[in-house]
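Printed here is entry-v4.csv (CSV, C-alpha atoms):
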```csv
chain,number,residue,atom,x,y,z
A,25,MET,CA,-22.4,8.5,5.5
A,26,ALA,CA,-22.1,7.3,1.9
A,27,SER,CA,-22.6,3.6,1.2
A,28,ALA,CA,-19.5,1.4,1.8
A,29,ASP,CA,-19.8,-0.1,-1.7
A,30,THR,CA,-18.9,3.3,-3.3
A,31,TYR,CA,-15.5,3.1,-1.8
A,32,LEU,CA,-12.6,0.6,-2.1
A,33,ILE,CA,-11.7,1.2,1.5
A,34,GLN,CA,-14.0,2.6,4.2
A,35,THR,CA,-13.6,2.6,8.0
A,36,GLU,CA,-16.4,3.1,10.4
A,37,LYS,CA,-15.6,4.4,13.9
A,38,LEU,CA,-12.3,2.5,14.3
A,39,VAL,CA,-11.1,2.3,17.9
A,40,LYS,CA,-8.0,0.7,19.2
A,41,ALA,CA,-7.3,0.6,23.0
A,42,TYR,CA,-4.3,-0.8,24.8
A,43,LYS,CA,-4.9,-1.6,28.5
A,44,GLY,CA,-7.9,0.7,28.4
A,45,ARG,CA,-6.0,3.6,26.8
A,46,LYS,CA,-7.5,4.6,23.4
A,47,VAL,CA,-4.8,5.3,20.8
A,48,VAL,CA,-7.3,5.5,18.0
A,49,ARG,CA,-10.7,7.1,18.5
A,50,GLU,CA,-13.5,6.5,16.1
A,51,VAL,CA,-11.4,7.1,13.0
A,52,GLU,CA,-13.3,7.2,9.7
A,53,ILE,CA,-11.5,7.4,6.4
A,54,ASN,CA,-12.3,6.3,2.8
A,55,VAL,CA,-10.5,5.7,-0.4
A,56,LYS,CA,-12.0,5.5,-3.9
A,57,ALA,CA,-10.6,4.0,-7.1
A,58,GLY,CA,-8.3,6.3,-9.0
A,59,GLU,CA,-7.3,8.5,-6.1
A,60,ILE,CA,-4.3,8.9,-3.8
A,61,VAL,CA,-5.1,9.5,-0.1
A,62,GLY,CA,-2.6,10.4,2.7
A,63,LEU,CA,-2.9,9.3,6.3
A,64,LEU,CA,-0.7,11.8,8.2
A,65,GLY,CA,0.1,12.9,11.7
A,66,PRO,CA,2.9,13.3,14.3
A,67,ASN,CA,4.4,10.3,16.2
A,68,GLY,CA,1.9,8.8,18.5
A,69,ALA,CA,-1.1,10.3,16.6
A,70,GLY,CA,-2.5,6.8,15.8
A,71,LYS,CA,-1.9,6.9,12.1
A,72,THR,CA,0.2,3.8,11.9
A,73,THR,CA,-2.2,1.9,14.1
A,74,SER,CA,-5.1,3.0,12.0
A,75,PHE,CA,-3.2,2.0,8.8
A,76,TYR,CA,-2.4,-1.4,10.3
A,77,MET,CA,-6.1,-2.0,11.2
A,78,ILE,CA,-7.0,-1.4,7.5
A,79,VAL,CA,-4.2,-3.7,6.3
A,80,GLY,CA,-5.2,-6.4,8.8
A,81,LEU,CA,-2.0,-6.4,10.9
A,82,VAL,CA,-3.9,-5.0,14.0
A,83,ARG,CA,-7.4,-6.0,15.1
A,84,PRO,CA,-9.6,-3.1,16.1
A,85,THR,CA,-11.1,-2.9,19.6
A,86,SER,CA,-14.3,-1.8,17.9
A,87,GLY,CA,-15.4,-0.3,14.6
A,88,LYS,CA,-15.4,-1.8,11.1
A,89,VAL,CA,-13.2,-1.9,8.0
A,90,TYR,CA,-15.0,-2.3,4.6
A,91,PHE,CA,-13.2,-3.3,1.4
A,92,ASN,CA,-15.2,-3.1,-1.8
A,93,GLY,CA,-18.3,-2.9,0.3
A,94,LYS,CA,-17.6,-6.1,2.3
A,95,ASN,CA,-16.9,-6.1,6.0
A,96,VAL,CA,-13.3,-7.4,6.4
A,97,THR,CA,-12.8,-6.4,10.0
A,98,GLY,CA,-12.1,-9.9,11.1
A,99,THR,CA,-10.6,-11.1,7.8
A,100,PRO,CA,-7.0,-12.3,7.9
A,101,MET,CA,-4.4,-10.2,6.0
A,102,TYR,CA,-3.7,-12.9,3.4
A,103,LYS,CA,-7.4,-13.2,2.5
A,104,ARG,CA,-7.6,-9.4,2.1
A,105,ALA,CA,-4.7,-9.7,-0.3
A,106,ARG,CA,-6.5,-12.3,-2.3
A,107,MET,CA,-9.5,-10.0,-2.5
A,108,GLY,CA,-7.3,-7.3,-4.1
A,109,MET,CA,-5.8,-5.3,-1.2
A,110,GLY,CA,-2.1,-4.8,-2.0
A,111,TYR,CA,0.2,-3.9,0.8
A,112,ILE,CA,3.9,-2.7,0.7
A,113,SER,CA,5.6,-2.6,4.1
A,114,GLN,CA,8.2,-0.1,5.2
A,115,GLU,CA,10.7,-2.9,5.6
A,116,PRO,CA,12.3,-4.3,2.4
A,117,SER,CA,10.2,-7.2,1.1
A,118,ILE,CA,12.4,-8.3,-1.8
A,119,PHE,CA,14.8,-11.3,-2.0
A,120,ARG,CA,18.1,-9.5,-2.0
A,121,LYS,CA,20.1,-12.3,-3.6
A,122,LEU,CA,17.7,-12.9,-6.4
A,123,SER,CA,17.6,-11.0,-9.7
A,124,VAL,CA,14.9,-8.5,-10.4
A,125,GLN,CA,13.0,-10.8,-12.7
A,126,ASP,CA,13.3,-13.8,-10.3
A,127,ASN,CA,11.8,-11.6,-7.6
A,128,VAL,CA,8.8,-11.0,-9.7
A,129,MET,CA,8.6,-14.6,-11.0
A,130,ALA,CA,8.6,-15.9,-7.4
A,131,ILE,CA,5.2,-14.2,-7.0
A,132,LEU,CA,3.9,-15.2,-10.4
A,133,GLU,CA,4.7,-18.8,-9.7
A,134,THR,CA,2.1,-18.8,-6.9
A,135,LEU,CA,-0.7,-18.1,-9.5
A,136,PRO,CA,-2.6,-20.8,-11.3
A,137,ILE,CA,-1.4,-19.8,-14.8
A,138,SER,CA,0.7,-21.5,-17.5
A,139,ALA,CA,4.5,-21.0,-17.9
A,140,ARG,CA,3.9,-19.0,-21.1
A,141,GLU,CA,1.4,-16.7,-19.4
A,142,ARG,CA,3.8,-16.2,-16.5
A,143,ASN,CA,6.6,-15.1,-18.9
A,144,THR,CA,4.2,-12.8,-20.7
A,145,ARG,CA,3.1,-11.2,-17.5
A,146,LEU,CA,6.7,-10.9,-16.3
A,147,GLU,CA,7.7,-8.9,-19.4
A,148,GLN,CA,4.6,-6.7,-19.2
A,149,LEU,CA,5.1,-5.9,-15.5
A,150,LEU,CA,8.8,-5.1,-15.9
A,151,GLU,CA,7.9,-2.9,-18.8
A,152,ASP,CA,5.0,-1.1,-17.0
A,153,LEU,CA,7.2,-0.2,-14.0
A,154,LYS,CA,10.2,0.7,-16.3
A,155,ILE,CA,12.6,-1.9,-14.8
A,156,SER,CA,13.1,-4.2,-17.9
A,157,HIS,CA,16.7,-3.0,-18.1
A,158,LEU,CA,17.3,-4.2,-14.6
A,159,ALA,CA,15.8,-7.7,-15.2
A,160,LYS,CA,19.1,-9.6,-14.7
A,161,GLN,CA,20.4,-7.4,-11.9
A,162,LYS,CA,20.6,-8.7,-8.3
A,163,ALA,CA,18.2,-7.0,-6.0
A,164,TYR,CA,20.8,-6.0,-3.5
A,165,THR,CA,22.5,-3.8,-6.1
A,166,LEU,CA,19.4,-1.6,-6.6
A,167,SER,CA,19.0,2.0,-5.5
A,168,GLY,CA,16.3,2.9,-3.1
A,169,GLY,CA,14.0,4.2,-5.9
A,170,GLU,CA,14.6,1.0,-8.0
A,171,ARG,CA,13.9,-1.2,-5.0
A,172,ARG,CA,10.6,0.6,-4.5
A,173,ARG,CA,9.8,0.0,-8.2
A,174,LEU,CA,10.5,-3.7,-7.7
A,175,GLU,CA,8.4,-3.9,-4.6
A,176,ILE,CA,5.4,-2.3,-6.3
A,177,THR,CA,5.9,-4.5,-9.4
A,178,ARG,CA,5.7,-7.6,-7.1
A,179,ALA,CA,2.6,-6.1,-5.4
A,180,LEU,CA,0.9,-5.7,-8.8
A,181,VAL,CA,1.3,-9.3,-9.8
A,182,THR,CA,-2.0,-10.2,-8.1
A,183,ASN,CA,-3.9,-7.4,-9.8
A,184,PRO,CA,-4.9,-5.5,-6.7
A,185,SER,CA,-7.6,-2.8,-6.8
A,186,ILE,CA,-5.8,-0.8,-4.1
A,187,ILE,CA,-2.2,-0.4,-2.8
A,188,LEU,CA,-1.5,0.5,0.8
A,189,LEU,CA,2.0,2.1,1.1
A,190,ASP,CA,3.7,2.2,4.5
A,191,GLU,CA,6.4,4.9,4.5
A,192,PRO,CA,7.2,4.7,0.8
A,193,PHE,CA,9.6,7.6,1.0
A,194,SER,CA,11.5,6.2,3.9
A,195,GLY,CA,15.1,5.1,3.1
A,196,VAL,CA,14.8,6.6,-0.4
A,197,ASP,CA,17.6,8.8,-1.8
A,198,PRO,CA,16.3,12.4,-2.1
A,199,LEU,CA,17.0,12.2,-5.8
A,200,ALA,CA,14.7,9.2,-6.1
A,201,VAL,CA,11.7,10.8,-4.2
A,202,ASN,CA,10.3,12.2,-7.5
A,203,ASP,CA,10.7,8.8,-9.0
A,204,VAL,CA,8.6,7.2,-6.3
A,205,GLN,CA,6.0,10.0,-6.6
A,206,ASP,CA,5.8,9.3,-10.3
A,207,ILE,CA,5.2,5.6,-9.6
A,208,VAL,CA,2.4,6.4,-7.2
A,209,ARG,CA,0.8,8.7,-9.7
A,210,ASP,CA,1.0,5.9,-12.3
A,211,LEU,CA,-0.9,3.6,-10.0
A,212,ARG,CA,-3.6,6.2,-9.7
A,213,ASN,CA,-3.7,6.7,-13.5
A,214,LYS,CA,-4.2,2.9,-13.9
A,215,GLY,CA,-7.4,3.3,-11.8
A,216,LEU,CA,-6.0,1.9,-8.5
A,217,GLY,CA,-6.8,3.5,-5.2
A,218,VAL,CA,-3.7,4.3,-3.1
A,219,LEU,CA,-3.4,4.9,0.6
A,220,ILE,CA,-0.1,6.3,1.9
A,221,THR,CA,1.1,6.8,5.5
A,222,ASP,CA,4.4,8.5,5.8
A,223,HIS,CA,6.4,10.7,8.2
A,224,ASN,CA,7.7,12.6,5.2
A,225,VAL,CA,4.8,15.1,5.1
A,226,ARG,CA,6.1,17.3,2.3
A,227,GLU,CA,6.8,14.4,-0.1
A,228,THR,CA,3.4,12.8,0.7
A,229,LEU,CA,1.4,16.0,0.3
A,230,ALA,CA,3.1,16.6,-3.1
A,231,VAL,CA,1.5,13.4,-4.5
A,232,VAL,CA,-1.9,12.9,-2.7
A,233,ASP,CA,-5.2,14.1,-3.9
A,234,ARG,CA,-6.4,14.6,-0.3
A,235,ALA,CA,-5.2,13.7,3.2
A,236,TYR,CA,-6.4,12.8,6.6
A,237,LEU,CA,-4.5,14.4,9.5
A,238,LEU,CA,-4.6,12.5,12.8
A,239,CYS,CA,-3.8,14.0,16.2
A,240,GLU,CA,-4.2,12.2,19.5
A,241,GLY,CA,-6.0,9.3,17.8
A,242,GLN,CA,-8.6,11.4,16.1
A,243,VAL,CA,-9.1,12.7,12.5
A,244,LEU,CA,-8.9,16.5,12.5
A,245,SER,CA,-11.8,18.0,10.6
```

Just give me the structure of the file as structure tokens.
Amino acid sequence: MASADTYLIQTEKLVKAYKGRKVVREVEINVKAGEIVGLLGPNGAGKTTSFYMIVGLVRPTSGKVYFNGKNVTGTPMYKRARMGMGYISQEPSIFRKLSVQDNVMAILETLPISARERNTRLEQLLEDLKISHLAKQKAYTLSGGERRRLEITRALVTNPSIILLDEPFSGVDPLAVNDVQDIVRDLRNKGLGVLITDHNVRETLAVVDRAYLLCEGQVLS
């Protein structure tokens, strides 16, 4: 096995059991900087549980999760975020009644930077994700693709080295799927690692560099 510090994310024999029944069986995956990796499989395959163990939402029964070479298996989710692990949940995470720019500013205001620097970063982020023209618009008026852009913009505020996307194509208008795929490719082109889990296999395979397929809790070789 390659050294954990050559990967942004690496798992080592991840196991999750509920009441003695193993739903994840020694899953080993890795993600490098500048690549998009898929985590796929049918319902009940263990992909979501594996993904949540990497994010920090579920604690493994055994096995390890490494992030940038550090063992983060027991590290709380918020500390993983501070270390540079970005996570975008399937559920909408934006403030619906705030404007687009206020949604981003709400995260910027948690950082120890000056007001001038916050405003500069705000303009840069909105421009990078191509939502400057939506800055004053209320979040509840956004389309599915625009909402995803805003969610990713908010996740980028803390300069993560990897983004973990939970069902990014879920609830997105078919016409906006290409838009979301373009956003994900842009993240890779910026040098970030990206890990996607999604039930929409075709849309996911169209954007990933490689994928792991889980079945009955195991990675198929």

Residue nearest Lys56 in chain A among A:Leu237, A:Ser245, A:Met101, A:Gly217 (counting only C-alpha atoms):
A:Gly217

Who sits within 12 Å of Glu115 in chain A, all atoms listed in the file, same chain under 6 positions skipped, as a PyMOL selection string:
chain A and resi 168+171-172+175+189-196

Please list, as an MDAnalysis selection string, the residues that have an atom at most 8 Å away from (-12.1, 9.1, 14.5) in the coordinates of this file, counting only C-alpha atoms.
chainID A and resid 37:39 48:52 241:243

Writing out the chosen residues with C-alpha atoms as an mmCIF file, in the frame of the given file:
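File result_33.cif, as written:
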```cif
data_model
loop_
_atom_site.group_PDB
_atom_site.id
_atom_site.type_symbol
_atom_site.label_atom_id
_atom_site.label_comp_id
_atom_site.auth_asym_id
_atom_site.auth_seq_id
_atom_site.Cartn_x
_atom_site.Cartn_y
_atom_site.Cartn_z
ATOM 1 C CA LYS A 37 -15.600 4.400 13.900
ATOM 2 C CA LEU A 38 -12.300 2.500 14.300
ATOM 3 C CA VAL A 39 -11.100 2.300 17.900
ATOM 4 C CA VAL A 48 -7.300 5.500 18.000
ATOM 5 C CA ARG A 49 -10.700 7.100 18.500
ATOM 6 C CA GLU A 50 -13.500 6.500 16.100
ATOM 7 C CA VAL A 51 -11.400 7.100 13.000
ATOM 8 C CA GLU A 52 -13.300 7.200 9.700
ATOM 9 C CA GLY A 241 -6.000 9.300 17.800
ATOM 10 C CA GLN A 242 -8.600 11.400 16.100
ATOM 11 C CA VAL A 243 -9.100 12.700 12.500
#
```

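The space between CA of Gly62 in chain A and CA of Thr228 in chain A spans 6.8 Å.
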
In Å and to one decimal, CA of Thr134 in chain A is distant from CA of Val204 in chain A by 26.8 Å

For Tyr76 in chain A, which residue among A:Thr144, A:Asn92, A:Thr97, A:Asn224 is the nearest when counting all atoms listed in the file?
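Looking only at the distances to Tyr76 in chain A, the closest residue turns out to be A:Thr97.
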
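Among the candidates A:Thr72, A:Ser123, A:Thr30, A:Asn67, the residue lying nearest to Gly93 in chain A is A:Thr30 (atoms considered: all atoms listed in the file).
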
Which residue of A:Val55, A:Leu146, A:Cys239, A:Leu199 approaches Glu227 in chain A most closely, using only C-alpha atoms
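The shortest atom-to-atom distance to Glu227 in chain A comes from A:Leu199.
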